[in-house]
$ cat query31.pdb   # PDB, C-alpha atoms
ATOM      1  CA  MET X  17      58.293-115.022 -54.640
ATOM      2  CA  GLN X  18      61.846-114.127 -53.654
ATOM      3  CA  ALA X  19      62.575-112.714 -57.081
ATOM      4  CA  LEU X  20      59.316-110.767 -56.992
ATOM      5  CA  VAL X  21      60.240-109.012 -53.736
ATOM      6  CA  PHE X  22      63.748-108.356 -55.079
ATOM      7  CA  TYR X  23      62.342-106.733 -58.211
ATOM      8  CA  ALA X  24      59.936-104.688 -56.114
ATOM      9  CA  PHE X  25      62.776-103.391 -53.950
ATOM     10  CA  SER X  26      64.983-102.549 -56.919
ATOM     11  CA  ILE X  27      62.151-100.813 -58.790
ATOM     12  CA  ILE X  28      61.368 -98.748 -55.695
ATOM     13  CA  ALA X  29      65.050 -97.852 -55.264
ATOM     14  CA  ILE X  30      65.733 -96.922 -58.898
ATOM     15  CA  GLY X  31      62.397 -95.206 -59.428
ATOM     16  CA  SER X  32      62.612 -92.997 -56.388
ATOM     17  CA  ALA X  33      66.268 -92.226 -57.173
ATOM     18  CA  ILE X  34      65.220 -91.008 -60.632
ATOM     19  CA  VAL X  35      62.431 -88.887 -59.150
ATOM     20  CA  LEU X  36      64.889 -87.628 -56.519
ATOM     21  CA  VAL X  37      67.421 -86.223 -58.955
ATOM     22  CA  SER X  38      64.763 -84.533 -61.075
ATOM     23  CA  MET X  39      62.936 -82.901 -58.167
ATOM     24  CA  HIS X  40      63.157 -79.184 -57.495
ATOM     25  CA  ASN X  41      62.014 -79.209 -53.887
ATOM     26  CA  LEU X  42      65.028 -80.154 -51.778
ATOM     27  CA  ALA X  43      63.096 -81.254 -48.687
ATOM     28  CA  ARG X  44      60.984 -83.690 -50.700
ATOM     29  CA  ALA X  45      64.106 -84.924 -52.455
ATOM     30  CA  LEU X  46      65.724 -85.679 -49.089
ATOM     31  CA  PHE X  47      62.664 -87.641 -47.962
ATOM     32  CA  LEU X  48      62.807 -89.607 -51.213
ATOM     33  CA  PHE X  49      66.449 -90.321 -50.400
ATOM     34  CA  PHE X  50      65.056 -91.888 -47.213
ATOM     35  CA  ILE X  51      63.053 -94.346 -49.345
ATOM     36  CA  VAL X  52      66.046 -95.095 -51.564
ATOM     37  CA  LEU X  53      68.226 -95.912 -48.557
ATOM     38  CA  PHE X  54      65.579 -98.171 -47.032
ATOM     39  CA  SER X  55      65.080-100.154 -50.221
ATOM     40  CA  VAL X  56      68.821-100.471 -50.771
ATOM     41  CA  ALA X  57      69.000-101.890 -47.238
ATOM     42  CA  GLY X  58      66.378-104.410 -48.356
ATOM     43  CA  LEU X  59      68.602-105.328 -51.302
ATOM     44  CA  TYR X  60      71.486-105.934 -48.870
ATOM     45  CA  VAL X  61      69.280-108.466 -47.084
ATOM     46  CA  PHE X  62      68.815-110.265 -50.391
ATOM     47  CA  ALA X  63      72.604-110.458 -50.706
ATOM     48  CA  LEU X  64      72.501-112.182 -47.279
ATOM     49  CA  ALA X  65      74.253-109.299 -45.519
ATOM     50  CA  ASP X  66      71.797-108.663 -42.701
ATOM     51  CA  PHE X  67      74.297-106.899 -40.465
ATOM     52  CA  VAL X  68      75.266-104.484 -43.241
ATOM     53  CA  ALA X  69      71.571-103.784 -43.847
ATOM     54  CA  ILE X  70      71.014-102.960 -40.172
ATOM     55  CA  THR X  71      74.107-100.750 -40.164
ATOM     56  CA  GLN X  72      72.846 -98.993 -43.268
ATOM     57  CA  ILE X  73      69.531 -98.174 -41.593
ATOM     58  CA  LEU X  74      71.240 -97.157 -38.355
ATOM     59  CA  ILE X  75      73.969 -94.936 -39.819
ATOM     60  CA  TYR X  76      72.510 -93.648 -43.090
ATOM     61  CA  VAL X  77      68.874 -93.223 -42.170
ATOM     62  CA  GLY X  78      69.514 -92.368 -38.544
ATOM     63  CA  GLY X  79      72.605 -90.223 -38.889
ATOM     64  CA  VAL X  80      73.448 -89.012 -42.372
ATOM     65  CA  LEU X  81      69.919 -88.134 -43.417
ATOM     66  CA  VAL X  82      69.166 -86.224 -40.223
ATOM     67  CA  LEU X  83      72.427 -84.337 -40.719
ATOM     68  CA  MET X  84      71.435 -83.470 -44.306
ATOM     69  CA  LEU X  85      67.986 -82.264 -43.260
ATOM     70  CA  PHE X  86      69.672 -80.163 -40.599
ATOM     71  CA  ALA X  87      72.030 -78.564 -43.144
ATOM     72  CA  PHE X  88      69.108 -78.007 -45.503
ATOM     73  CA  MET X  89      67.123 -76.181 -42.848
ATOM     74  CA  LEU X  90      70.107 -74.004 -41.949
ATOM     75  CA  SER X  91      70.772 -72.973 -45.563
ATOM     76  CA  ASN X  92      67.466 -72.760 -47.406
ATOM     77  CA  LYS X  93      66.803 -69.024 -47.327
ATOM     78  CA  THR X  94      67.947 -68.345 -50.864
ATOM     79  CA  LEU X  95      67.065 -71.777 -52.107
ATOM     80  CA  LEU X  96      63.887 -70.994 -53.988
ATOM     81  CA  ASP X  97      65.117 -67.988 -55.934
ATOM     82  CA  GLN X  98      68.423 -69.599 -56.823
ATOM     83  CA  LEU X  99      66.716 -72.581 -58.383
ATOM     84  CA  GLN X 100      65.121 -70.435 -61.049
ATOM     85  CA  THR X 101      68.359 -68.672 -61.972
ATOM     86  CA  GLY X 102      71.670 -70.185 -62.967
ATOM     87  CA  THR X 103      72.328 -69.787 -66.646
ATOM     88  CA  ALA X 104      76.122 -69.668 -66.455
ATOM     89  CA  HIS X 105      77.407 -73.225 -66.481
ATOM     90  CA  PHE X 106      80.720 -73.478 -64.762
ATOM     91  CA  PHE X 107      80.362 -76.448 -62.445
ATOM     92  CA  ALA X 108      77.023 -77.882 -63.500
ATOM     93  CA  LEU X 109      76.644 -79.230 -67.012
ATOM     94  CA  PRO X 110      73.477 -78.693 -69.040
ATOM     95  CA  VAL X 111      70.918 -81.379 -68.378
ATOM     96  CA  TRP X 112      71.123 -83.106 -71.744
ATOM     97  CA  GLN X 113      74.903 -83.446 -71.521
ATOM     98  CA  ALA X 114      74.649 -84.905 -68.029
ATOM     99  CA  ILE X 115      71.968 -87.358 -69.194
ATOM    100  CA  LEU X 116      74.113 -88.336 -72.185
ATOM    101  CA  ILE X 117      77.207 -88.982 -70.060
ATOM    102  CA  SER X 118      75.382 -90.951 -67.379
ATOM    103  CA  ALA X 119      73.414 -92.973 -69.951
ATOM    104  CA  SER X 120      76.602 -93.981 -71.733
ATOM    105  CA  PHE X 121      78.181 -94.826 -68.382
ATOM    106  CA  LEU X 122      75.130 -96.948 -67.558
ATOM    107  CA  ALA X 123      75.425 -98.733 -70.906
ATOM    108  CA  ILE X 124      79.086 -99.576 -70.247
ATOM    109  CA  LEU X 125      78.367-100.811 -66.713
ATOM    110  CA  VAL X 126      75.392-102.953 -67.757
ATOM    111  CA  TYR X 127      77.395-104.411 -70.638
ATOM    112  CA  ALA X 128      80.203-105.319 -68.218
ATOM    113  CA  SER X 129      77.723-106.901 -65.790
ATOM    114  CA  LEU X 130      76.195-109.025 -68.518
ATOM    115  CA  GLN X 131      79.673-110.093 -69.617
ATOM    116  CA  LEU X 132      80.336-111.178 -66.042
ATOM    117  CA  GLY X 133      77.211-113.326 -66.133
ATOM    118  CA  ALA X 134      78.574-115.088 -69.219
ATOM    119  CA  GLN X 135      82.098-115.748 -67.908
ATOM    120  CA  GLN X 136      82.426-115.800 -64.159
ATOM    121  CA  PRO X 137      85.706-115.137 -62.376
ATOM    122  CA  ALA X 138      87.566-118.247 -61.292
ATOM    123  CA  TRP X 139      87.183-117.707 -57.568
ATOM    124  CA  ILE X 140      83.405-117.438 -57.816
ATOM    125  CA  ALA X 141      83.242-120.659 -59.815
ATOM    126  CA  VAL X 142      85.457-122.377 -57.213
ATOM    127  CA  ALA X 143      83.252-121.086 -54.382
ATOM    128  CA  GLU X 144      80.146-122.362 -56.135
ATOM    129  CA  GLN X 145      81.712-125.765 -56.731
ATOM    130  CA  GLU X 146      82.912-126.189 -53.162
ATOM    131  CA  GLY X 147      79.689-124.811 -51.763
ATOM    132  CA  THR X 148      81.413-122.089 -49.725
ATOM    133  CA  ILE X 149      78.643-119.575 -50.333
ATOM    134  CA  ILE X 150      76.904-117.792 -47.487
ATOM    135  CA  ALA X 151      73.685-119.719 -46.905
ATOM    136  CA  PRO X 152      70.466-118.064 -45.704
ATOM    137  CA  THR X 153      70.717-120.050 -42.466
ATOM    138  CA  ASP X 154      74.245-118.881 -41.619
ATOM    139  CA  SER X 155      74.748-116.364 -38.853
ATOM    140  CA  THR X 156      77.054-113.784 -40.408
ATOM    141  CA  ILE X 157      77.379-111.465 -37.416
ATOM    142  CA  GLN X 158      79.635-113.791 -35.440
ATOM    143  CA  HIS X 159      81.958-114.315 -38.416
ATOM    144  CA  ILE X 160      82.109-110.610 -39.197
ATOM    145  CA  GLY X 161      82.951-109.814 -35.585
ATOM    146  CA  ILE X 162      85.755-112.368 -35.483
ATOM    147  CA  GLN X 163      87.199-111.234 -38.816
ATOM    148  CA  LEU X 164      86.961-107.590 -37.827
ATOM    149  CA  MET X 165      88.997-108.208 -34.686
ATOM    150  CA  THR X 166      91.620-110.464 -36.263
ATOM    151  CA  ARG X 167      92.141-110.201 -40.005
ATOM    152  CA  TYR X 168      90.826-106.659 -40.548
ATOM    153  CA  LEU X 169      92.219-105.142 -37.360
ATOM    154  CA  LEU X 170      94.482-102.649 -39.166
ATOM    155  CA  PRO X 171      91.740-101.192 -41.420
ATOM    156  CA  PHE X 172      89.490-101.082 -38.369
ATOM    157  CA  GLU X 173      91.983 -98.984 -36.421
ATOM    158  CA  VAL X 174      92.734 -96.751 -39.413
ATOM    159  CA  VAL X 175      89.015 -96.125 -39.901
ATOM    160  CA  SER X 176      88.580 -95.293 -36.235
ATOM    161  CA  VAL X 177      91.422 -92.764 -36.327
ATOM    162  CA  LEU X 178      89.966 -91.248 -39.512
ATOM    163  CA  LEU X 179      86.536 -91.014 -37.906
ATOM    164  CA  MET X 180      88.024 -89.119 -34.994
ATOM    165  CA  MET X 181      89.845 -86.787 -37.397
ATOM    166  CA  ALA X 182      86.604 -86.134 -39.288
ATOM    167  CA  LEU X 183      84.790 -85.425 -36.036
ATOM    168  CA  ILE X 184      87.410 -82.951 -34.863
ATOM    169  CA  GLY X 185      87.580 -81.364 -38.314
ATOM    170  CA  ALA X 186      83.812 -80.922 -38.567
ATOM    171  CA  ALA X 187      83.642 -79.435 -35.085
ATOM    172  CA  HIS X 188      86.512 -77.096 -35.937
ATOM    173  CA  LEU X 189      84.935 -75.973 -39.218
ATOM    174  CA  THR X 190      81.581 -75.083 -37.719
ATOM    175  CA  ARG X 191      82.799 -73.370 -34.543
ATOM    176  CA  LYS X 192      82.163 -69.688 -34.006
ATOM    177  CA  GLU X 193      84.995 -67.283 -34.662
ATOM    178  CA  ASP X 194      86.432 -65.465 -31.670
ATOM    179  CA  THR X 195      86.728 -62.139 -33.472
ATOM    180  CA  PRO X 196      83.667 -60.991 -35.390
TER     181      PRO X 196
ATOM    182  CA  MET K  28      67.360-117.537 -57.235
ATOM    183  CA  ILE K  29      68.832-114.066 -57.539
ATOM    184  CA  THR K  30      72.110-114.096 -59.408
ATOM    185  CA  LEU K  31      75.055-111.739 -59.175
ATOM    186  CA  THR K  32      74.116-110.001 -62.412
ATOM    187  CA  HIS K  33      70.864-108.695 -60.932
ATOM    188  CA  PHE K  34      72.725-106.922 -58.163
ATOM    189  CA  LEU K  35      75.302-105.528 -60.573
ATOM    190  CA  VAL K  36      72.655-104.093 -62.897
ATOM    191  CA  VAL K  37      70.775-102.454 -60.011
ATOM    192  CA  GLY K  38      74.066-101.043 -58.728
ATOM    193  CA  ALA K  39      74.917 -99.716 -62.197
ATOM    194  CA  CYS K  40      71.555 -97.921 -62.398
ATOM    195  CA  LEU K  41      72.002 -96.313 -58.975
ATOM    196  CA  PHE K  42      75.569 -95.274 -59.852
ATOM    197  CA  SER K  43      74.496 -93.600 -63.103
ATOM    198  CA  ILE K  44      71.694 -91.734 -61.347
ATOM    199  CA  GLY K  45      74.169 -90.502 -58.747
ATOM    200  CA  LEU K  46      76.561 -89.430 -61.502
ATOM    201  CA  TYR K  47      73.760 -87.453 -63.136
ATOM    202  CA  ALA K  48      72.980 -85.729 -59.839
ATOM    203  CA  VAL K  49      76.623 -84.785 -59.329
ATOM    204  CA  MET K  50      76.944 -83.342 -62.832
ATOM    205  CA  ALA K  51      73.614 -81.621 -63.379
ATOM    206  CA  ARG K  52      72.337 -80.294 -60.070
ATOM    207  CA  ARG K  53      73.138 -76.755 -58.920
ATOM    208  CA  ASN K  54      72.816 -77.312 -55.214
ATOM    209  CA  ALA K  55      75.663 -78.520 -53.029
ATOM    210  CA  ILE K  56      73.408 -80.712 -50.878
ATOM    211  CA  MET K  57      71.979 -82.439 -53.963
ATOM    212  CA  VAL K  58      75.513 -83.019 -55.242
ATOM    213  CA  LEU K  59      76.263 -84.637 -51.891
ATOM    214  CA  VAL K  60      73.160 -86.823 -52.200
ATOM    215  CA  GLY K  61      74.417 -87.908 -55.629
ATOM    216  CA  ILE K  62      77.773 -88.898 -54.143
ATOM    217  CA  GLU K  63      75.955 -90.881 -51.465
ATOM    218  CA  LEU K  64      73.955 -92.706 -54.152
ATOM    219  CA  MET K  65      77.202 -93.652 -55.906
ATOM    220  CA  ILE K  66      78.688 -94.900 -52.626
ATOM    221  CA  ASN K  67      75.556 -96.965 -52.003
ATOM    222  CA  ALA K  68      75.857 -98.562 -55.441
ATOM    223  CA  ALA K  69      79.472 -99.464 -54.666
ATOM    224  CA  ILE K  70      78.483-100.966 -51.308
ATOM    225  CA  LEU K  71      75.779-102.999 -53.052
ATOM    226  CA  ASN K  72      78.442-104.456 -55.348
ATOM    227  CA  LEU K  73      80.750-105.215 -52.400
ATOM    228  CA  VAL K  74      77.968-107.029 -50.567
ATOM    229  CA  ALA K  75      76.859-108.961 -53.650
ATOM    230  CA  PHE K  76      80.375-110.235 -54.323
ATOM    231  CA  GLY K  77      81.004-110.834 -50.615
ATOM    232  CA  ARG K  78      78.407-113.576 -50.683
ATOM    233  CA  TYR K  79      80.923-115.912 -52.313
ATOM    234  CA  ASP K  80      83.571-115.378 -49.623
ATOM    235  CA  THR K  81      82.789-117.403 -46.530
ATOM    236  CA  GLU K  82      86.439-117.644 -45.548
ATOM    237  CA  HIS K  83      87.274-114.007 -44.845
ATOM    238  CA  TYR K  84      83.949-112.178 -45.189
ATOM    239  CA  GLY K  85      85.882-109.480 -47.041
ATOM    240  CA  GLY K  86      82.950-107.985 -48.904
ATOM    241  CA  GLN K  87      80.755-107.428 -45.876
ATOM    242  CA  ALA K  88      83.602-106.165 -43.669
ATOM    243  CA  PHE K  89      84.674-103.624 -46.264
ATOM    244  CA  ALA K  90      81.046-102.657 -46.873
ATOM    245  CA  LEU K  91      80.927-101.704 -43.188
ATOM    246  CA  PHE K  92      84.145 -99.685 -43.559
ATOM    247  CA  ALA K  93      82.717 -97.924 -46.611
ATOM    248  CA  ILE K  94      79.544 -96.976 -44.707
ATOM    249  CA  VAL K  95      81.645 -95.511 -41.893
ATOM    250  CA  LEU K  96      83.802 -93.556 -44.351
ATOM    251  CA  ALA K  97      80.717 -92.200 -46.121
ATOM    252  CA  ALA K  98      79.276 -91.017 -42.812
ATOM    253  CA  ALA K  99      82.536 -89.261 -41.891
ATOM    254  CA  SER K 100      82.767 -87.591 -45.306
ATOM    255  CA  VAL K 101      79.170 -86.387 -45.045
ATOM    256  CA  ALA K 102      79.860 -84.790 -41.670
ATOM    257  CA  VAL K 103      82.866 -82.869 -42.989
ATOM    258  CA  ALA K 104      81.148 -81.931 -46.261
ATOM    259  CA  LEU K 105      78.088 -80.557 -44.493
ATOM    260  CA  ALA K 106      80.302 -78.522 -42.172
ATOM    261  CA  ILE K 107      82.025 -77.060 -45.247
ATOM    262  CA  ILE K 108      78.662 -76.356 -46.924
ATOM    263  CA  LEU K 109      77.382 -74.520 -43.851
ATOM    264  CA  ASN K 110      80.569 -72.452 -43.684
ATOM    265  CA  VAL K 111      80.329 -71.600 -47.368
ATOM    266  CA  TYR K 112      76.700 -70.604 -46.885
ATOM    267  CA  LYS K 113      77.650 -68.339 -44.004
ATOM    268  CA  HIS K 114      80.314 -66.698 -46.171
ATOM    269  CA  HIS K 115      78.690 -66.463 -49.608
ATOM    270  CA  LYS K 116      74.976 -66.716 -48.660
ATOM    271  CA  THR K 117      74.481 -69.384 -51.318
ATOM    272  CA  ILE K 118      75.153 -73.088 -51.780
ATOM    273  CA  ASN K 119      75.161 -73.027 -55.562
ATOM    274  CA  PRO K 120      78.608 -74.319 -56.590
ATOM    275  CA  GLU K 121      78.683 -71.921 -59.570
ATOM    276  CA  ASP K 122      78.590 -68.836 -57.386
ATOM    277  CA  ILE K 123      81.435 -69.901 -55.148
ATOM    278  CA  ASN K 124      84.262 -68.591 -57.275
ATOM    279  CA  GLN K 125      86.806 -67.112 -54.895
ATOM    280  CA  LEU K 126      89.086 -68.561 -52.280
ATOM    281  CA  LYS K 127      90.067 -65.416 -50.423
ATOM    282  CA  ASP K 128      88.036 -63.873 -47.589
TER     283      ASP K 128
END
$ encode --input "query31.pdb" --output "structure tokens"
Amino acid sequence: MQALVFYAFSIIAIGSAIVLVSMHNLARALFLFFIVLFSVAGLYVFALADFVAITQILIYVGGVLVLMLFAFMLSNKTLLDQLQTGTAHFFALPVWQAILISASFLAILVYASLQLGAQQPAWIAVAEQEGTIIAPTDSTIQHIGIQLMTRYLLPFEVVSVLLMMALIGAAHLTRKEDTP
Amino acid sequence: MITLTHFLVVGACLFSIGLYAVMARRNAIMVLVGIELMINAAILNLVAFGRYDTEHYGGQAFALFAIVLAAASVAVALAIILNVYKHHKTINPEDINQLKD
């Protein structure tokens, strides 16, 4: 049952991601991205990271996606006629080359993952032996909060400063010029 | 029981799809969506490995940091895209070929 739901989530995620990248309508593609993010949040729950899943829904679906839709609506005037054109390839590769590169990348990554299944790293084997794996009954939020405020305090502060810099930078970039 | 390999294979698929979007699409917002897909695949790997770390919860904590960083980068990138659109009237990366005003 558990495996069945996991496979359903991963098929939804991968399938809608494939449809997403091959879709010509940008608004529909962004709504498919919605589905991908939700199902990836479901996969986080299967990795027993419920707090990360909630954060994913809150930040990605609530913030990032709305921001992207907003940018799409502000910049879609020339969208339809520019999709038909575009024969000079400077930045974007032809489709078959891109498919070739990403398929070979996928092959390498899957091969490495299967190798990892055959010979696990030592620390994972130790964790499995000693039983220090996160159990479905554990409450992870309390542990994450404590670790965030003690062990990971420096990254936490660095991230907060960077977030403020990004906020100021974004506000500065989009402000109106004084002189026309 | 869902093993680590399942998560890694799903993450690999999402990463390759994101890579394809970054390389093949001619729309800056779709390129950004591809980057977000790659970041999500990386976070999936972090979370999957973080399951074996009950001492420090490193995987989940850094997954949270990665989500925050992705959100910040999206805000700045969309501001840049809007500015570029105002200047060049297009968001096709091929047509943006000059730095001067």
$ resolve_selection --input "query31.pdb" --expression "the PyMOL selection byres ((chain K and resi 89) around 10)" --output "number ranges by chain"
X: 68, 164, 168, 171-172; K: 70, 73-74, 77, 84-88, 90-95
$ interface_residues --input "query31.pdb" --of "chain X" --to "chain K" --cutoff "6 Å" --atoms "all atoms listed in the file" --output "ChimeraX atom specification"
/X:37,63,106-109,111,114,118,122,125-126,129,133,148-150,179,182,186,190
$ resolve_selection --input "query31.pdb" --expression "the PyMOL selection byres ((chain X and resi 76-82) around 9)" --output "ChimeraX atom specification"
/X:46-47,49-50,53-54,71-75,83-87 /K:94,97-98,101-102
$ resolve_selection --input "query31.pdb" --expression "the PyMOL selection byres ((chain X and resi 18) around 9)" --output "PyMOL selection string"
(chain X and resi 17+19-23+62) or (chain K and resi 28-29)
$ atom_distance --input "query31.pdb" --atom1 "atom CA of Ile66 of chain K" --atom2 "atom CA of Ala143 of chain X"
26.6 Å
$ atom_distance --input "query31.pdb" --atom1 "atom CA of Ile140 of chain X" --atom2 "atom CA of Ile160 of chain X"
19.9 Å
$ closest_residue --input "query31.pdb" --among "X:Met89, X:Leu64, X:Ala187, X:Ile30" --to "Asp154 of chain X" --atoms "all atoms listed in the file"
X:Leu64
$ residues_around --input "query31.pdb" --residues "Asp66 of chain X" --least-positions-apart "4" --cutoff "10 Å" --atoms "all atoms listed in the file" --output "PyMOL selection string"
(chain X and resi 57-62+70-72+152+155-157) or (chain K and resi 87)
$ axis_aligned_box --input "query31.pdb" --around "segment 129-133 of chain X" --padding-each-side "8 Å" --output "JSON"
{"center_x": 78.3, "center_y": -110.1, "center_z": -67.7, "size_x": 20.1, "size_y": 22.4, "size_z": 19.8}
$ atom_distance --input "query31.pdb" --atom1 "atom CA of Ala69 of chain X" --atom2 "atom CA of Ser26 of chain X"
14.7 Å
$ decode --input "query31.pdb" --residues "segment 128-192 of chain X" --atoms "C-alpha atoms" --output "PDB file, in the first residue's frame"
ATOM      1  CA  ALA X 128      25.176   5.725  -9.590  1.00  0.00           C
ATOM      2  CA  SER X 129      21.965   5.279  -7.578  1.00  0.00           C
ATOM      3  CA  LEU X 130      21.843   1.577  -8.333  1.00  0.00           C
ATOM      4  CA  GLN X 131      25.499   1.267  -7.342  1.00  0.00           C
ATOM      5  CA  LEU X 132      24.615   2.909  -4.038  1.00  0.00           C
ATOM      6  CA  GLY X 133      21.924   0.294  -3.479  1.00  0.00           C
ATOM      7  CA  ALA X 134      24.550  -2.427  -3.911  1.00  0.00           C
ATOM      8  CA  GLN X 135      27.199  -0.944  -1.598  1.00  0.00           C
ATOM      9  CA  GLN X 136      25.895   1.436   1.010  1.00  0.00           C
ATOM     10  CA  PRO X 137      28.066   4.078   2.647  1.00  0.00           C
ATOM     11  CA  ALA X 138      29.414   3.122   6.048  1.00  0.00           C
ATOM     12  CA  TRP X 139      27.454   5.680   8.028  1.00  0.00           C
ATOM     13  CA  ILE X 140      24.137   4.489   6.618  1.00  0.00           C
ATOM     14  CA  ALA X 141      24.981   0.895   7.492  1.00  0.00           C
ATOM     15  CA  VAL X 142      25.943   1.988  11.029  1.00  0.00           C
ATOM     16  CA  ALA X 143      22.685   3.940  11.385  1.00  0.00           C
ATOM     17  CA  GLU X 144      20.685   0.934  10.243  1.00  0.00           C
ATOM     18  CA  GLN X 145      22.499  -1.364  12.654  1.00  0.00           C
ATOM     19  CA  GLU X 146      22.075   0.923  15.647  1.00  0.00           C
ATOM     20  CA  GLY X 147      18.507   1.723  14.710  1.00  0.00           C
ATOM     21  CA  THR X 148      19.076   5.492  14.646  1.00  0.00           C
ATOM     22  CA  ILE X 149      16.728   6.017  11.719  1.00  0.00           C
ATOM     23  CA  ILE X 150      13.865   8.484  11.873  1.00  0.00           C
ATOM     24  CA  ALA X 151      10.792   6.412  12.697  1.00  0.00           C
ATOM     25  CA  PRO X 152       7.301   7.291  11.438  1.00  0.00           C
ATOM     26  CA  THR X 153       6.228   7.944  15.031  1.00  0.00           C
ATOM     27  CA  ASP X 154       9.002  10.453  15.767  1.00  0.00           C
ATOM     28  CA  SER X 155       8.165  14.127  15.986  1.00  0.00           C
ATOM     29  CA  THR X 156      10.803  15.769  13.809  1.00  0.00           C
ATOM     30  CA  ILE X 157       9.718  19.382  14.265  1.00  0.00           C
ATOM     31  CA  GLN X 158      11.009  19.667  17.822  1.00  0.00           C
ATOM     32  CA  HIS X 159      14.401  18.213  16.870  1.00  0.00           C
ATOM     33  CA  ILE X 160      14.714  20.437  13.817  1.00  0.00           C
ATOM     34  CA  GLY X 161      13.895  23.509  15.889  1.00  0.00           C
ATOM     35  CA  ILE X 162      16.493  22.654  18.519  1.00  0.00           C
ATOM     36  CA  GLN X 163      19.174  21.883  15.931  1.00  0.00           C
ATOM     37  CA  LEU X 164      18.380  25.028  13.982  1.00  0.00           C
ATOM     38  CA  MET X 165      18.902  27.184  17.060  1.00  0.00           C
ATOM     39  CA  THR X 166      22.042  25.448  18.322  1.00  0.00           C
ATOM     40  CA  ARG X 167      24.101  23.501  15.810  1.00  0.00           C
ATOM     41  CA  TYR X 168      22.994  25.277  12.618  1.00  0.00           C
ATOM     42  CA  LEU X 169      22.824  28.783  14.061  1.00  0.00           C
ATOM     43  CA  LEU X 170      25.533  30.195  11.767  1.00  0.00           C
ATOM     44  CA  PRO X 171      23.959  28.957   8.494  1.00  0.00           C
ATOM     45  CA  PHE X 172      20.618  30.184   9.805  1.00  0.00           C
ATOM     46  CA  GLU X 173      21.947  33.700  10.332  1.00  0.00           C
ATOM     47  CA  VAL X 174      23.809  33.702   7.010  1.00  0.00           C
ATOM     48  CA  VAL X 175      20.632  32.639   5.209  1.00  0.00           C
ATOM     49  CA  SER X 176      18.637  35.352   6.933  1.00  0.00           C
ATOM     50  CA  VAL X 177      21.135  38.036   5.909  1.00  0.00           C
ATOM     51  CA  LEU X 178      21.117  36.685   2.341  1.00  0.00           C
ATOM     52  CA  LEU X 179      17.323  36.726   2.279  1.00  0.00           C
ATOM     53  CA  MET X 180      17.341  40.364   3.302  1.00  0.00           C
ATOM     54  CA  MET X 181      19.912  41.148   0.601  1.00  0.00           C
ATOM     55  CA  ALA X 182      17.766  39.395  -2.012  1.00  0.00           C
ATOM     56  CA  LEU X 183      14.708  41.317  -0.863  1.00  0.00           C
ATOM     57  CA  ILE X 184      16.467  44.667  -1.074  1.00  0.00           C
ATOM     58  CA  GLY X 185      18.028  43.734  -4.413  1.00  0.00           C
ATOM     59  CA  ALA X 186      14.715  42.667  -5.944  1.00  0.00           C
ATOM     60  CA  ALA X 187      13.009  45.824  -4.724  1.00  0.00           C
ATOM     61  CA  HIS X 188      15.865  47.910  -6.111  1.00  0.00           C
ATOM     62  CA  LEU X 189      15.797  46.180  -9.503  1.00  0.00           C
ATOM     63  CA  THR X 190      12.089  46.649 -10.071  1.00  0.00           C
ATOM     64  CA  ARG X 191      11.757  50.232  -8.821  1.00  0.00           C
ATOM     65  CA  LYS X 192      10.796  52.995 -11.206  1.00  0.00           C
TER      66      LYS X 192
END
